[in-house]
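As provided, data05.tsv (TSV, C-alpha atoms) reads as follows.
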chain	number	residue	atom	x	y	z
A	1	MET	CA	0.00	0.00	0.00
A	2	ILE	CA	2.72	2.43	0.95
A	3	GLN	CA	4.66	2.32	-2.30
A	4	THR	CA	1.56	2.17	-4.49
A	5	LEU	CA	-0.01	5.18	-2.79
A	6	ILE	CA	3.21	7.21	-2.88
A	7	LEU	CA	3.95	6.29	-6.50
A	8	ALA	CA	0.49	7.43	-7.57
A	9	ALA	CA	0.67	10.55	-5.40
A	10	LEU	CA	3.98	11.62	-6.88
A	11	SER	CA	3.13	10.91	-10.52
A	12	VAL	CA	1.06	14.00	-11.33
A	13	ALA	CA	2.87	16.23	-8.83
A	14	ARG	CA	6.18	15.47	-10.56
A	15	GLU	CA	4.69	16.23	-13.97
A	16	ARG	CA	3.34	19.51	-12.65
A	17	GLU	CA	6.70	20.52	-11.17
A	18	GLN	CA	8.44	19.80	-14.45
A	19	GLY	CA	5.78	21.65	-16.41
A	20	THR	CA	4.84	18.65	-18.54
A	21	PHE	CA	1.37	18.16	-17.04
A	22	ASP	CA	0.08	21.25	-18.85
A	23	GLN	CA	1.43	19.77	-22.07
A	24	LEU	CA	-0.50	16.56	-21.36
A	25	LEU	CA	-3.71	18.53	-20.87
A	26	VAL	CA	-3.48	20.18	-24.30
A	27	THR	CA	-3.04	16.86	-26.09
A	28	PRO	CA	-6.09	15.09	-27.52
A	29	LEU	CA	-6.10	12.88	-24.41
A	30	THR	CA	-9.01	13.32	-22.02
A	31	PRO	CA	-8.37	13.64	-18.28
A	32	THR	CA	-9.70	10.08	-17.98
A	33	ASP	CA	-7.07	8.86	-20.45
A	34	ILE	CA	-4.37	10.65	-18.47
A	35	LEU	CA	-5.73	9.14	-15.26
A	36	ILE	CA	-5.61	5.62	-16.73
A	37	GLY	CA	-2.06	6.21	-17.96
A	38	LYS	CA	-1.00	7.32	-14.49
A	39	ALA	CA	-2.93	4.57	-12.67
A	40	LEU	CA	-1.86	1.47	-14.61
A	41	PRO	CA	1.88	1.58	-13.76
A	42	ALA	CA	1.13	2.06	-10.05
A	43	VAL	CA	-1.38	-0.83	-10.07
A	44	LEU	CA	1.16	-2.99	-11.89
A	45	VAL	CA	3.86	-2.17	-9.32
A	46	GLY	CA	1.47	-3.07	-6.49
A	47	VAL	CA	0.51	-6.40	-8.04
A	48	ILE	CA	4.15	-7.27	-8.77
A	49	GLN	CA	5.14	-6.49	-5.18
A	50	ALA	CA	2.26	-8.59	-3.88
A	51	SER	CA	3.39	-11.42	-6.16
A	52	LEU	CA	6.91	-11.25	-4.74
A	53	ILE	CA	5.57	-11.36	-1.19
A	54	LEU	CA	3.31	-14.29	-2.11
A	55	ALA	CA	6.23	-16.15	-3.66
A	56	ILE	CA	8.37	-15.57	-0.55
A	57	ALA	CA	5.56	-16.80	1.71
A	58	LEU	CA	4.95	-19.88	-0.42
A	59	PHE	CA	8.46	-20.93	-1.38
A	60	TRP	CA	10.83	-19.52	1.21
A	61	PHE	CA	8.72	-19.73	4.37
A	62	ARG	CA	6.65	-22.63	3.00
A	63	ILE	CA	3.34	-21.27	4.28
A	64	PRO	CA	0.69	-23.23	2.42
A	65	MET	CA	-2.07	-21.30	0.71
A	66	ALA	CA	-5.53	-22.64	1.44
A	67	GLY	CA	-7.57	-20.55	-1.01
A	68	ALA	CA	-7.61	-19.83	-4.73
A	69	VAL	CA	-4.89	-17.69	-6.27
A	70	SER	CA	-7.45	-16.09	-8.60
A	71	THR	CA	-9.55	-14.82	-5.66
A	72	LEU	CA	-6.44	-13.48	-3.96
A	73	TYR	CA	-5.26	-11.65	-7.09
A	74	LEU	CA	-8.71	-10.22	-7.80
A	75	GLY	CA	-8.75	-8.82	-4.27
A	76	LEU	CA	-5.22	-7.44	-4.64
A	77	LEU	CA	-6.12	-5.83	-7.96
A	78	VAL	CA	-9.16	-4.10	-6.47
A	79	PHE	CA	-7.14	-3.03	-3.42
A	80	THR	CA	-4.29	-1.55	-5.44
A	81	THR	CA	-6.80	0.25	-7.65
A	82	ALA	CA	-8.39	1.82	-4.56
A	83	CYS	CA	-4.95	2.84	-3.25
A	84	VAL	CA	-4.02	4.33	-6.61
A	85	GLY	CA	-7.29	6.28	-6.61
A	86	ILE	CA	-6.41	7.75	-3.24
A	87	GLY	CA	-2.88	8.53	-4.44
A	88	LEU	CA	-4.03	10.20	-7.64
A	89	SER	CA	-6.56	12.29	-5.72
A	90	VAL	CA	-3.79	13.40	-3.38
A	91	SER	CA	-1.59	14.13	-6.38
A	92	ALA	CA	-4.29	16.20	-8.06
A	93	LEU	CA	-4.69	18.28	-4.89
A	94	SER	CA	-0.95	18.82	-4.39
A	95	ALA	CA	0.96	21.75	-5.83
A	96	ASN	CA	4.35	19.99	-5.76
A	97	MET	CA	6.05	16.69	-4.89
A	98	GLN	CA	6.81	17.68	-1.29
A	99	GLN	CA	3.16	18.46	-0.68
A	100	ALA	CA	2.12	15.16	-2.25
A	101	MET	CA	4.55	13.26	0.00
A	102	VAL	CA	3.30	15.00	3.13
A	103	TYR	CA	-0.35	14.41	2.21
A	104	ALA	CA	0.36	10.76	1.42
A	105	PHE	CA	2.16	10.18	4.72
A	106	VAL	CA	-0.54	12.02	6.67
A	107	LEU	CA	-3.11	9.70	5.10
A	108	MET	CA	-1.06	6.52	5.44
A	109	MET	CA	-0.61	6.59	9.20
A	110	PRO	CA	-4.34	6.57	10.05
A	111	LEU	CA	-5.04	4.08	7.25
A	112	ILE	CA	-2.47	1.66	8.64
A	113	LEU	CA	-3.44	2.19	12.29
A	114	LEU	CA	-7.15	1.80	11.54
A	115	SER	CA	-6.74	-1.24	9.28
A	116	GLY	CA	-7.01	-3.93	11.92
A	117	LEU	CA	-3.42	-5.03	11.32
A	118	ILE	CA	-2.17	-3.79	14.69
A	119	THR	CA	-5.38	-3.52	16.72
A	120	PRO	CA	-8.50	-5.53	15.86
A	121	VAL	CA	-11.25	-3.29	14.49
A	122	ARG	CA	-13.78	-4.70	16.95
A	123	ASN	CA	-11.62	-3.38	19.85
A	124	MET	CA	-11.68	0.19	18.52
A	125	PRO	CA	-14.18	2.82	19.71
A	126	ASP	CA	-17.46	2.85	17.78
A	127	GLY	CA	-16.66	6.07	15.91
A	128	LEU	CA	-13.35	4.70	14.69
A	129	GLN	CA	-14.98	1.42	13.67
A	130	VAL	CA	-17.32	3.38	11.41
A	131	ALA	CA	-14.36	5.37	10.02
A	132	THR	CA	-12.60	2.14	9.03
A	133	TYR	CA	-15.25	1.49	6.38
A	134	ALA	CA	-13.50	4.12	4.21
A	135	ASN	CA	-10.18	2.30	4.63
A	136	PRO	CA	-9.42	-0.15	1.81
A	137	LEU	CA	-6.53	-1.65	3.80
A	138	ARG	CA	-8.96	-2.97	6.43
A	139	PHE	CA	-10.79	-5.05	3.85
A	140	ALA	CA	-7.67	-6.10	1.96
A	141	ILE	CA	-6.14	-7.49	5.14
A	142	ASP	CA	-9.34	-9.38	5.93
A	143	LEU	CA	-9.53	-10.71	2.37
A	144	VAL	CA	-5.90	-11.89	2.28
A	145	ARG	CA	-6.15	-13.54	5.70
A	146	ARG	CA	-9.35	-15.34	4.84
A	147	VAL	CA	-8.32	-16.45	1.35
A	148	TYR	CA	-4.72	-17.37	2.16
A	149	LEU	CA	-5.15	-18.96	5.58
A	150	GLU	CA	-8.79	-20.09	5.72
A	151	GLY	CA	-9.38	-20.98	2.07
A	152	ALA	CA	-12.35	-18.64	1.69
A	153	GLY	CA	-13.87	-18.49	-1.76
A	154	LEU	CA	-15.05	-15.51	-3.76
A	155	ALA	CA	-18.57	-15.72	-2.32
A	156	ASP	CA	-17.14	-15.74	1.22
A	157	VAL	CA	-15.10	-12.56	0.73
A	158	ALA	CA	-17.50	-10.69	-1.58
A	159	ALA	CA	-18.35	-8.26	1.22
A	160	ASP	CA	-14.69	-7.18	1.35
A	161	PHE	CA	-14.80	-6.09	-2.29
A	162	ILE	CA	-17.67	-3.63	-1.85
A	163	PRO	CA	-15.88	-1.01	0.30
A	164	MET	CA	-12.69	-1.25	-1.76
A	165	LEU	CA	-14.66	-0.80	-4.99
A	166	ALA	CA	-16.56	2.10	-3.39
A	167	VAL	CA	-13.28	3.86	-2.50
A	168	ALA	CA	-12.01	3.33	-6.05
A	169	ALA	CA	-15.35	4.49	-7.50
A	170	VAL	CA	-15.13	7.73	-5.53
A	171	THR	CA	-11.41	8.54	-5.69
A	172	LEU	CA	-10.67	7.76	-9.35
A	173	PRO	CA	-13.48	9.98	-10.75
A	174	LEU	CA	-12.55	12.62	-8.16
A	175	ALA	CA	-8.98	12.61	-9.44
A	176	ALA	CA	-10.20	12.85	-13.06
A	177	TRP	CA	-12.51	15.72	-12.11
A	178	LEU	CA	-9.67	17.50	-10.30
A	179	PHE	CA	-7.42	17.02	-13.34
A	180	ARG	CA	-10.08	18.54	-15.58
A	181	ASN	CA	-11.28	21.38	-13.37
A	182	ARG	CA	-8.31	22.34	-11.30
A	183	PHE	CA	-5.71	22.40	-14.05
A	184	ALA	CA	-7.63	22.92	-17.28
Encoded form using structure tokens:
Amino acid sequence: MIQTLILAALSVAREREQGTFDQLLVTPLTPTDILIGKALPAVLVGVIQASLILAIALFWFRIPMAGAVSTLYLGLLVFTTACVGIGLSVSALSANMQQAMVYAFVLMMPLILLSGLITPVRNMPDGLQVATYANPLRFAIDLVRRVYLEGAGLADVAADFIPMLAVAAVTLPLAAWLFRNRFA
């Protein structure tokens, strides 16, 4: 999550600092095309990193996987897309790379702390439990644990996809709208 979010957050901010983002906006590409071009490499990096971690868990530590690889990868793809949406929204709001880094780190700490990785969500105060529904990491962790360790199928983890897809459905169009209206 960390590298995917930062990579996406820095992509547009770097272009803006170098002055090439304005050149992208005057090309025949739509802001949606630009968004897809910025999102795909970050999603690819996230999936490749997840694949490396999966390979290490399977072959080095010999932790057997109980579930289907396809369900795990579908969940990872949706999760990285949600993270990239957050990163691109941060990038669209940032004036420069330093601002994008600060915004990304300010977002990452609560996302990690409220994910259930360190403290179970059910042990958090009620207000924070509600806030975790906007955190794609919470549902990605639950999905990976259940698929990898318990052998849960797609129907069993379908509820984990909904919040991650909702975050992606809000943040990606928001980033495209910010590209179009803030910089056009």
message: I'd like the contact shell of stretch 90-105 of chain A - 8 Å cut-off, only C-alpha atoms, skipping same-chain residues fewer than 6 positions apart - returned as a list in words.
response: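 Counting only the stated atoms, we get Leu5, Ile6, Ala8, Ala9, Leu10, Ser11, Val12, Ala13, Arg14, Arg16, Glu17, Ala175, Leu178 and Phe179 of chain A.
You will find atom CA of A:Pro31 at 14.0 Å from atom CA of A:Glu15.
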message: One number please: atom CA of A:Thr171 to atom CA of A:Ala155, in Å, one decimal.
response: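 Separating atom CA of A:Thr171 from atom CA of A:Ala155 is a distance of 25.5 Å.
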- prompt: Do you know which residues are at most 6 Å from stretch 59-68 of chain A counting all atoms listed in the file, after dropping those on the same chain fewer than 2 positions away, and could you put them as an MDAnalysis selection string?
  reply: chainID A and resid 55:57 70:71 147:152
task: Work out how far atom CA of A:Leu54 is from atom CA of A:Ala42, in Å to one decimal.
output: 18.3 Å
- request: Starting from the point (-2.1, 1.6, 5.8), work out which residues of protein, DNA or RNA have an atom no more than 9 Å away when counting all atoms listed in the file; state them as an MDAnalysis selection string.
  value: chainID A and resid 1:2 107:115 117 135:138
- request: Step by step: start from the point (-2.2, -0.6, -13.3) in the file's coordinates, keep every protein, DNA or RNA residue that has an atom no farther than 12 Å from it, count all atoms listed in the file, and write the set as a ChimeraX atom specification.
  value: /A:4,7-8,35-48,76-85
message: Which residues are near A:Gln129? Cut-off 10 Å, all atoms listed in the file, ignore same chain within fewer than 6 positions. Put them as a VMD selection string.
response: chain A and resid 114 to 116 120 to 123
Go ahead and save the residues from that selection, with C-alpha atoms, as a JSON list (two decimals), in the coordinates of the input.
[["chain", "number", "residue", "atom", "x", "y", "z"],
["A", 114, "LEU", "CA", -7.15, 1.80, 11.54],
["A", 115, "SER", "CA", -6.74, -1.24, 9.28],
["A", 116, "GLY", "CA", -7.01, -3.93, 11.92],
["A", 120, "PRO", "CA", -8.50, -5.53, 15.86],
["A", 121, "VAL", "CA", -11.25, -3.29, 14.49],
["A", 122, "ARG", "CA", -13.78, -4.70, 16.95],
["A", 123, "ASN", "CA", -11.62, -3.38, 19.85]]
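Restricting the calculation to all atoms listed in the file, the smallest distance between A:Val69 and any of A:Ala159, A:Leu154, A:Leu25, A:Val167 is found for A:Leu154.
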message: Could you check the closest approach to A:Ile34 for each of A:Ile53, A:Ala169, A:Ala176, A:Leu74 and tell me which residue wins, using all atoms listed in the file?
response: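 Distance minimum relative to A:Ile34 lands on A:Ala176.
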message: Under the rule that only C-alpha atoms are counted, which of A:Gly75, A:Pro163, A:Pro125, A:Pro173 is the nearest residue to A:Arg145?
response: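 Among the listed residues, A:Gly75 lies closest to A:Arg145.
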How big is the axis-aligned box, and where does its centre sit, when it encloses all atoms of stretch 168-175 of chain A listed in the file and has 5 Å added on every side, reported in Å to one decimal as AutoDock Vina command-line options?
--center_x -12.2 --center_y 8.0 --center_z -8.1 --size_x 16.4 --size_y 19.3 --size_z 15.2
